[in-house]
Amino acid sequence: MRKRTLLPDLALPALVLIAFAIGPYVYSNELMLFNFVMFLALAQGLNIVYGFTGYLPFGYVGFYGAGAYGFALAVMHLHAPPLVALAAGGAAALVLAVVLLPLLRLSGAYFAIASLAAAQAVYEVVSNPALENVTKGPYGVSLSAVFAPRFSYDVGLGVLAFAFLLVVWLRNSRFGLALQAIRDDPVSAGMAGVSVVRGRTIAWLLSALVAGLVGATFAWHISVFYPDTAFDLGVSIFATVFVLFGGATTLTGPLLGVLILYGVYNAIGITVPQYFQFIYGALIVGLVLFLPNGLVSLLTTRGIRVP
Amino acid sequence: MLIGAIVAGVVFGLYFTLVGLGLNLVFGVMRIVNLAHGDFVMLGGYAAWWLLSAFGIHPLVAAVIVLVVFVALGMPLYYLIVPQLQRARDSEMLSLILFFGLSQMIEAVATIFLGTTERSLPGRVLGIGPIIVLGARLPKPWVFSAAVSAVAVAAVYVYLYRTRLGTLTRAVMVSRDEALATGIDVHRVSAIAFGISLALAGIAGVFAPFMLGSITPDIGVGLNITAFAVIVVGTLGNPLGTVVGGIVYGVSLMLMQTYFSSWANLLPNLLLIAVLLVRPEGLFGRQVRRA
């Protein structure tokens with residue numbers, strides 16, 4: 001057997017990170033670059049749970065929103081410095097993930113819908129006018145005191161690096177292999193001595209942590225936002241489509257998905273988002289029917305290993 | 001006040017039975033989740049709005065037109081999507097993603113052609129003034145919609161239990177493979193069920209402008225969660241179970257609105273999660289857990 005090397009798995013993320021680190025110096029639309037970084041990280045975060053455990057949380061945006069509001073609450077009420085608040089955002093997402101752990105007892109479709117309902121429930125709580133004193137309700141939060149676009153952009157790159165590393169680790173470790181065994185056949189994996197519950201729990205928490213950190217970085221970078229933006233279902237949809245389009249369980253798949261689809265989106269989709277929504281919908285339908293394993297499956301089914 | 005809320009809840013819940021009924025039928029027969037169900041409700045609502053404002057057609061007549069059009073729409077749609085989908089390994093999971101895509105397409109098209117303006121219909125079309133039942137003041141359109149729902153449930157019941165095609169449909173519900181083996185044309189039965197399901201969604205949509213106050217192209221996702229909550233609370237594959245689910249939902253919603261009004265929107269979400277976690281097998285009649 002050919003010895004597998006970590007090199008391509010590490011080189012690809014490194015290239016992407018370098019490109020986006022140089023990005024702001026050569027391209028002026030920093031917000032767009034930031035959105036790319038954000039979706040690259042979110043897609044890998046979703047990849048952790050969907051690609052390696054087979055659970056598809058439609059309500060993934062719930063963790064993102066929890067992270068954004070964890071950050072905002074820490075800044076507003078505790079006057080925490082941004083990096084501490086970032087940790088608070090990650091922690092908020094983790095707490096939500098722990099609360100939602102029982103959802104993992106549900107299978108496929110039920111899990112997806114229950115997680116969507118959970119994200120909606122969190123949104124209803126956060127945006128509730130009755131909690132205006134705590135979360136500012138539907139009126140949104142303003143964090144201009146900590147506004148630091150360049151620094152938060154770099155922190156976003158750090159979060160992206162973290163997400164990349166997690167996926168590289170899962171793809172090259174016993175634990176990642178165990179997760180894929182659980183995904184393909186939980187009973188057999190359990191019989192072979194793999195701890196099914198532990199594996200799924202860890203993947204779920206890591207995935208939520210990534211989304212929470214991304215959400216917190218988003219809150220910091222953008223500094224003024226509303227519950228509608230932090231819990232926008234579109235975030236879940238985008239991340240899901242990017243992962244499906246490229247192909248889950250790989251590093252390349254979600255990466256390609258973001259670069260191609262989000263690139264096209266920014267090129268044409270801004271003025272009338274509905275055209276893009278339509279194309280996205282059609283892409284999802286077409287992919288599920290004809291290419292359920294994504295773009296990279298064109299290569300992997302021919303025996304070519306993709307990072 | 002308590003009795004009033006309960007009566008209003010039953011009436012309101014009957015309407016949501018109609019919203020969930022078609023989703024339940026498709027899930028029972030095809031084992032797929034039509035996440036675009038709420039978008040067909042939305043389309044039915046726009047059809048009613050258009051027919052009334054452009055031609056002055058009464059919503060009851062509109063409901064009949066929608067019934068015919070949506071059945072005619074649903075059957076080709078079935079053949080276009082579902083057989084190919086069911087060849088996949090995990091078709092139940094993939095159906096969720098696929099119909100989510102379809103839902104996005106419908107919402108986009110509706111937004112492009114209809115705009116995001118809220119559309120509503122004057123309630124007086126369905127009668128003026130409230131009806132008072134046990135001290136509850138019920139708007140006439142509510143009673144009207146609930147009555148139509150009751151008729152629809154009865155019709156589905158008669159179809160499933162009193163016709164030959166219905167017997168075949170129930171056979172497919174119990175076991176698709178055995179139905180195939182006994183020579184039942186599963187695709188034909190499923191296509192008809194799919195058409196009926198869309199028609200039920202459309203009819204629910206006709207009354208949506210009255211029950212929900214107004215409609216916009218993006219009401220689909222929220223309606224889906226509600227519909228799913230309703231059929232999860234009720235029993236799968238049994239129209240009477242959906243009635244129970246709808247009424248439980250309606251009554252708890254009205255109680256929430258009466259006593260904790262600002263938190264009422266949380267209800268369908270929490271109800272869904274709670275039922276899925278606490279009693280999934282009993283209410284579904286099938287295994288939904290693993291691990």
# chains A, B, ... in the order shown; residues from 1 in each chain; ligands from 1
>>> closest_atom_pairs(of="chain A", to="chain B", cutoff="8 Å", atoms="only C-alpha atoms", output="CSV")
residue,atom,partner,partner_atom,distance
A:Pro102,CA,B:Leu277,CA,7.3
A:Leu103,CA,B:Leu277,CA,7.1
A:Arg105,CA,B:Arg289,CA,5.6
A:Leu106,CA,B:Arg289,CA,4.7
A:Ser107,CA,B:Arg289,CA,5.2
A:Gly108,CA,B:Met93,CA,5.6
A:Ala109,CA,B:Met93,CA,5.2
A:Tyr110,CA,B:Val288,CA,7.4
A:Ile113,CA,B:Ile225,CA,7.6
A:Ala114,CA,B:Ile273,CA,5.6
A:Ala117,CA,B:Asn269,CA,4.7
A:Ala118,CA,B:Asn269,CA,6.5
A:Gln120,CA,B:Asn269,CA,6.9
A:Ala121,CA,B:Leu266,CA,5.5
A:Glu124,CA,B:Leu266,CA,6.1
A:Val125,CA,B:Leu266,CA,7.6
A:Asn128,CA,B:Ser262,CA,7.2
A:Pro129,CA,B:Ser262,CA,7.7
A:Ala130,CA,B:Ser262,CA,7.0
A:Pro186,CA,B:Ala291,CA,7.0
A:Val187,CA,B:Ala291,CA,8.0
A:Val196,CA,B:Ala291,CA,7.1
A:Val197,CA,B:Ala291,CA,7.1
A:Gln274,CA,B:Ala108,CA,4.8
A:Tyr275,CA,B:Ala108,CA,6.8
A:Gln277,CA,B:Ala108,CA,5.8
A:Phe278,CA,B:Met105,CA,4.4
A:Ile279,CA,B:Met105,CA,7.3
A:Tyr280,CA,B:Gly101,CA,7.1
A:Gly281,CA,B:Gly101,CA,3.8
A:Ala282,CA,B:Gly101,CA,6.3
A:Leu283,CA,B:Gly101,CA,7.5
A:Ile284,CA,B:Gly101,CA,5.1
A:Val285,CA,B:Leu98,CA,4.8
A:Val288,CA,B:Leu98,CA,6.0
A:Leu289,CA,B:Leu85,CA,6.0
>>> write_last_selection(atoms="N, CA and C atoms", output="mmCIF file, in the first residue's frame")
data_model
loop_
_atom_site.group_PDB
_atom_site.id
_atom_site.type_symbol
_atom_site.label_atom_id
_atom_site.label_comp_id
_atom_site.auth_asym_id
_atom_site.auth_seq_id
_atom_site.Cartn_x
_atom_site.Cartn_y
_atom_site.Cartn_z
ATOM 1 N N PRO A 102 -29.603 15.681 22.874
ATOM 2 C CA PRO A 102 -30.615 14.619 22.704
ATOM 3 C C PRO A 102 -31.129 14.496 21.270
ATOM 4 N N LEU A 103 -31.002 15.568 20.475
ATOM 5 C CA LEU A 103 -31.475 15.477 19.095
ATOM 6 C C LEU A 103 -30.744 14.387 18.322
ATOM 7 N N ARG A 105 -30.346 11.537 19.002
ATOM 8 C CA ARG A 105 -31.037 10.246 19.061
ATOM 9 C C ARG A 105 -31.969 10.060 17.878
ATOM 10 N N LEU A 106 -32.282 11.166 17.194
ATOM 11 C CA LEU A 106 -33.197 11.071 16.055
ATOM 12 C C LEU A 106 -32.427 10.673 14.806
ATOM 13 N N SER A 107 -33.114 10.021 13.891
ATOM 14 C CA SER A 107 -32.421 9.657 12.659
ATOM 15 C C SER A 107 -32.653 10.730 11.609
ATOM 16 N N GLY A 108 -31.856 10.648 10.558
ATOM 17 C CA GLY A 108 -31.778 11.569 9.428
ATOM 18 C C GLY A 108 -32.742 12.729 9.355
ATOM 19 N N ALA A 109 -33.874 12.511 8.700
ATOM 20 C CA ALA A 109 -34.777 13.605 8.391
ATOM 21 C C ALA A 109 -35.308 14.261 9.664
ATOM 22 N N TYR A 110 -35.583 13.451 10.686
ATOM 23 C CA TYR A 110 -36.159 13.992 11.923
ATOM 24 C C TYR A 110 -35.147 14.881 12.618
ATOM 25 N N ILE A 113 -34.961 18.289 10.738
ATOM 26 C CA ILE A 113 -36.083 19.186 11.001
ATOM 27 C C ILE A 113 -36.088 19.648 12.448
ATOM 28 N N ALA A 114 -35.767 18.736 13.361
ATOM 29 C CA ALA A 114 -35.746 19.131 14.771
ATOM 30 C C ALA A 114 -34.682 20.199 14.997
ATOM 31 N N ALA A 117 -36.039 23.433 13.844
ATOM 32 C CA ALA A 117 -36.987 23.960 14.832
ATOM 33 C C ALA A 117 -36.236 24.553 16.020
ATOM 34 N N ALA A 118 -35.135 23.912 16.415
ATOM 35 C CA ALA A 118 -34.361 24.407 17.552
ATOM 36 C C ALA A 118 -33.764 25.773 17.248
ATOM 37 N N GLN A 120 -34.901 27.942 15.122
ATOM 38 C CA GLN A 120 -35.996 28.898 15.109
ATOM 39 C C GLN A 120 -36.386 29.286 16.535
ATOM 40 N N ALA A 121 -36.383 28.292 17.424
ATOM 41 C CA ALA A 121 -36.754 28.550 18.810
ATOM 42 C C ALA A 121 -35.774 29.523 19.455
ATOM 43 N N GLU A 124 -36.473 32.914 18.181
ATOM 44 C CA GLU A 124 -37.665 33.504 18.802
ATOM 45 C C GLU A 124 -37.347 34.061 20.189
ATOM 46 N N VAL A 125 -36.477 33.352 20.907
ATOM 47 C CA VAL A 125 -36.123 33.830 22.245
ATOM 48 C C VAL A 125 -35.283 35.105 22.135
ATOM 49 N N ASN A 128 -37.099 38.220 20.939
ATOM 50 C CA ASN A 128 -38.350 38.541 21.615
ATOM 51 C C ASN A 128 -38.297 39.916 22.280
ATOM 52 N N PRO A 129 -39.265 40.755 21.966
ATOM 53 C CA PRO A 129 -39.252 42.094 22.576
ATOM 54 C C PRO A 129 -39.264 42.048 24.102
ATOM 55 N N ALA A 130 -39.773 40.949 24.684
ATOM 56 C CA ALA A 130 -39.814 40.847 26.136
ATOM 57 C C ALA A 130 -38.414 40.814 26.749
ATOM 58 N N PRO A 186 -23.814 2.160 11.921
ATOM 59 C CA PRO A 186 -23.618 2.352 13.358
ATOM 60 C C PRO A 186 -23.605 1.043 14.143
ATOM 61 N N VAL A 187 -24.428 0.075 13.726
ATOM 62 C CA VAL A 187 -24.492 -1.171 14.498
ATOM 63 C C VAL A 187 -23.163 -1.914 14.408
ATOM 64 N N VAL A 196 -20.113 4.723 19.722
ATOM 65 C CA VAL A 196 -20.937 5.490 18.788
ATOM 66 C C VAL A 196 -21.334 6.833 19.385
ATOM 67 N N VAL A 197 -21.850 6.795 20.611
ATOM 68 C CA VAL A 197 -22.368 8.015 21.222
ATOM 69 C C VAL A 197 -21.243 9.033 21.426
ATOM 70 N N GLN A 274 -33.121 36.826 -5.753
ATOM 71 C CA GLN A 274 -34.035 35.727 -6.052
ATOM 72 C C GLN A 274 -33.546 34.865 -7.212
ATOM 73 N N TYR A 275 -32.884 35.503 -8.213
ATOM 74 C CA TYR A 275 -32.378 34.684 -9.305
ATOM 75 C C TYR A 275 -31.401 33.665 -8.758
ATOM 76 N N GLN A 277 -31.280 32.588 -5.643
ATOM 77 C CA GLN A 277 -32.023 31.623 -4.825
ATOM 78 C C GLN A 277 -32.591 30.531 -5.725
ATOM 79 N N PHE A 278 -33.097 30.938 -6.886
ATOM 80 C CA PHE A 278 -33.667 29.977 -7.822
ATOM 81 C C PHE A 278 -32.596 29.017 -8.326
ATOM 82 N N ILE A 279 -31.449 29.581 -8.717
ATOM 83 C CA ILE A 279 -30.381 28.738 -9.243
ATOM 84 C C ILE A 279 -29.894 27.772 -8.154
ATOM 85 N N TYR A 280 -29.799 28.292 -6.922
ATOM 86 C CA TYR A 280 -29.389 27.428 -5.808
ATOM 87 C C TYR A 280 -30.354 26.271 -5.642
ATOM 88 N N GLY A 281 -31.638 26.610 -5.626
ATOM 89 C CA GLY A 281 -32.651 25.560 -5.480
ATOM 90 C C GLY A 281 -32.508 24.525 -6.574
ATOM 91 N N ALA A 282 -32.349 24.997 -7.812
ATOM 92 C CA ALA A 282 -32.227 24.076 -8.938
ATOM 93 C C ALA A 282 -30.958 23.235 -8.808
ATOM 94 N N LEU A 283 -29.876 23.875 -8.336
ATOM 95 C CA LEU A 283 -28.627 23.137 -8.130
ATOM 96 C C LEU A 283 -28.822 22.025 -7.122
ATOM 97 N N ILE A 284 -29.501 22.332 -6.004
ATOM 98 C CA ILE A 284 -29.724 21.319 -4.982
ATOM 99 C C ILE A 284 -30.496 20.154 -5.578
ATOM 100 N N VAL A 285 -31.590 20.477 -6.283
ATOM 101 C CA VAL A 285 -32.414 19.415 -6.863
ATOM 102 C C VAL A 285 -31.583 18.560 -7.812
ATOM 103 N N VAL A 288 -28.864 16.393 -5.965
ATOM 104 C CA VAL A 288 -29.393 15.244 -5.239
ATOM 105 C C VAL A 288 -29.775 14.146 -6.215
ATOM 106 N N LEU A 289 -30.354 14.536 -7.356
ATOM 107 C CA LEU A 289 -30.814 13.523 -8.299
ATOM 108 C C LEU A 289 -29.655 12.880 -9.049
#
>>> select_by_dssp(residues="region 98-274 of chain B", states="strand (DSSP E or B)", output="list of chain:residue names")
B:Arg119, B:Pro130, B:Ile131, B:Ile132, B:Val133, B:Ala136, B:Arg137, B:Leu138, B:Pro139, B:Ile215
>>> select_by_dssp(residues="region 37-272 of chain B", states="alpha helix (DSSP H)", output="ChimeraX atom specification")
/B:37-55,59-86,91-114,140-162,164-174,176-181,186-211,220-233,239-259,267-272
>>> residues_around(residues="region 190-195 of chain A", least_positions_apart="3", cutoff="10 Å", atoms="only C-alpha atoms", output="short mmCIF file (atom, residue, chain, number, x, y, z; two decimals) with N, CA and C atoms, in the first residue's frame")
data_model
loop_
_atom_site.label_atom_id
_atom_site.label_comp_id
_atom_site.auth_asym_id
_atom_site.auth_seq_id
_atom_site.Cartn_x
_atom_site.Cartn_y
_atom_site.Cartn_z
N PHE A 175 -9.76 8.44 14.92
CA PHE A 175 -11.07 8.93 15.35
C PHE A 175 -11.96 9.26 14.14
N ALA A 178 -13.16 6.17 12.62
CA ALA A 178 -14.23 5.59 13.44
C ALA A 178 -15.55 6.30 13.16
N LEU A 179 -15.49 7.63 13.04
CA LEU A 179 -16.71 8.39 12.75
C LEU A 179 -17.33 7.94 11.43
N ALA A 181 -17.01 5.09 10.02
CA ALA A 181 -17.57 3.76 10.20
C ALA A 181 -18.95 3.86 10.85
N ILE A 182 -19.07 4.75 11.85
CA ILE A 182 -20.37 4.95 12.51
C ILE A 182 -21.39 5.45 11.50
N ASP A 185 -22.39 2.51 9.09
CA ASP A 185 -23.12 1.40 9.70
C ASP A 185 -22.93 1.43 11.22
N PRO A 186 -23.81 2.16 11.92
CA PRO A 186 -23.62 2.35 13.36
C PRO A 186 -23.61 1.04 14.14
N VAL A 187 -24.43 0.07 13.73
CA VAL A 187 -24.49 -1.17 14.50
C VAL A 187 -23.16 -1.91 14.41
N ARG A 198 -20.11 8.55 21.91
CA ARG A 198 -18.99 9.46 22.17
C ARG A 198 -18.52 10.11 20.87
N GLY A 199 -18.38 9.30 19.82
CA GLY A 199 -17.92 9.82 18.54
C GLY A 199 -18.83 10.91 18.01
N ARG A 200 -20.13 10.62 17.99
CA ARG A 200 -21.08 11.60 17.46
C ARG A 200 -21.09 12.86 18.30
N ALA B 291 -28.99 4.70 17.17
CA ALA B 291 -27.97 4.95 18.19
C ALA B 291 -28.39 4.46 19.56
#
>>> residues_around(residues="region 225-239 of chain A", least_positions_apart="3", cutoff="6 Å", atoms="only C-alpha atoms", output="list of chain:residue names")
A:Ala43, A:Tyr60, A:Val61, A:Gly65, A:Ser127, A:Gly140, A:Val141, A:Phe242
>>> residues_around(residues="Ala11 (chain A)", least_positions_apart="3", cutoff="12 Å", atoms="only C-alpha atoms", output="MDAnalysis selection string")
chainID A and resid 5:8 14:18 161 164:165 168 251:252 307
>>> write_last_selection(atoms="C-alpha atoms", output="PDB file, in the first residue's frame")
ATOM      1  CA  THR A   5       1.184  11.653   3.231  1.00  0.00           C
ATOM      2  CA  LEU A   6      -0.285  14.587   5.058  1.00  0.00           C
ATOM      3  CA  LEU A   7       1.284  17.037   2.647  1.00  0.00           C
ATOM      4  CA  PRO A   8      -1.620  17.692   0.230  1.00  0.00           C
ATOM      5  CA  ALA A  14      -2.195  26.766   3.732  1.00  0.00           C
ATOM      6  CA  LEU A  15      -2.513  28.093   0.190  1.00  0.00           C
ATOM      7  CA  VAL A  16      -6.057  29.277   0.824  1.00  0.00           C
ATOM      8  CA  LEU A  17      -5.066  30.966   4.083  1.00  0.00           C
ATOM      9  CA  ILE A  18      -2.117  32.738   2.467  1.00  0.00           C
ATOM     10  CA  ALA A 161      -7.321  27.694  10.097  1.00  0.00           C
ATOM     11  CA  PHE A 164      -9.259  23.354   8.389  1.00  0.00           C
ATOM     12  CA  LEU A 165      -7.085  21.681  11.015  1.00  0.00           C
ATOM     13  CA  VAL A 168      -7.417  17.489   8.342  1.00  0.00           C
ATOM     14  CA  LEU A 251     -11.241  19.304   2.395  1.00  0.00           C
ATOM     15  CA  THR A 252     -11.488  20.200  -1.265  1.00  0.00           C
ATOM     16  CA  PRO A 307      -7.383  16.093  -0.265  1.00  0.00           C
TER      17      PRO A 307
END
>>> closest_atom_pairs(of="region 140-181 of chain B", to="region 122-136 of chain B", cutoff="8 Å", atoms="only C-alpha atoms", output="tab-separated table")
residue	atom	partner	partner_atom	distance
B:Lys140	CA	B:Pro130	CA	5.4
B:Pro141	CA	B:Leu126	CA	5.4
B:Phe144	CA	B:Leu126	CA	7.1
>>> write_last_selection(atoms="N, CA and C atoms", output="PDB file, in the first residue's frame")
ATOM      1  N   LYS B 140     -65.969  34.638  11.355  1.00  0.00           N
ATOM      2  CA  LYS B 140     -66.632  33.740  10.397  1.00  0.00           C
ATOM      3  C   LYS B 140     -65.640  33.008   9.497  1.00  0.00           C
ATOM      4  N   PRO B 141     -64.596  33.703   8.959  1.00  0.00           N
ATOM      5  CA  PRO B 141     -63.662  32.977   8.086  1.00  0.00           C
ATOM      6  C   PRO B 141     -63.011  31.775   8.771  1.00  0.00           C
ATOM      7  N   PHE B 144     -65.460  28.982   8.695  1.00  0.00           N
ATOM      8  CA  PHE B 144     -65.520  28.558   7.301  1.00  0.00           C
ATOM      9  C   PHE B 144     -64.354  27.629   6.959  1.00  0.00           C
TER      10      PHE B 144
END
>>> closest_residue(among="A:Leu40, A:Ala92, A:Ala87, A:Val167", to="Thr217 (chain A)", atoms="only C-alpha atoms")
A:Ala87
>>> residues_around(residues="Glu118 (chain B)", least_positions_apart="3", cutoff="9 Å", atoms="only C-alpha atoms", output="VMD selection string")
chain B and resid 115 214 to 217
>>> residues_around(residues="Gly45 (chain B)", least_positions_apart="5", cutoff="6 Å", atoms="only C-alpha atoms", output="JSON, numbers by chain")
{"B": [205, 206, 208]}
>>> closest_residue(among="A:Leu157, A:Pro24, A:Thr250, A:Pro292", to="Phe39 (chain A)", atoms="only C-alpha atoms")
A:Leu157
>>> atom_distance(atom1="CA of Ala154 (chain B)", atom2="CA of Ala62 (chain B)")
19.8 Å
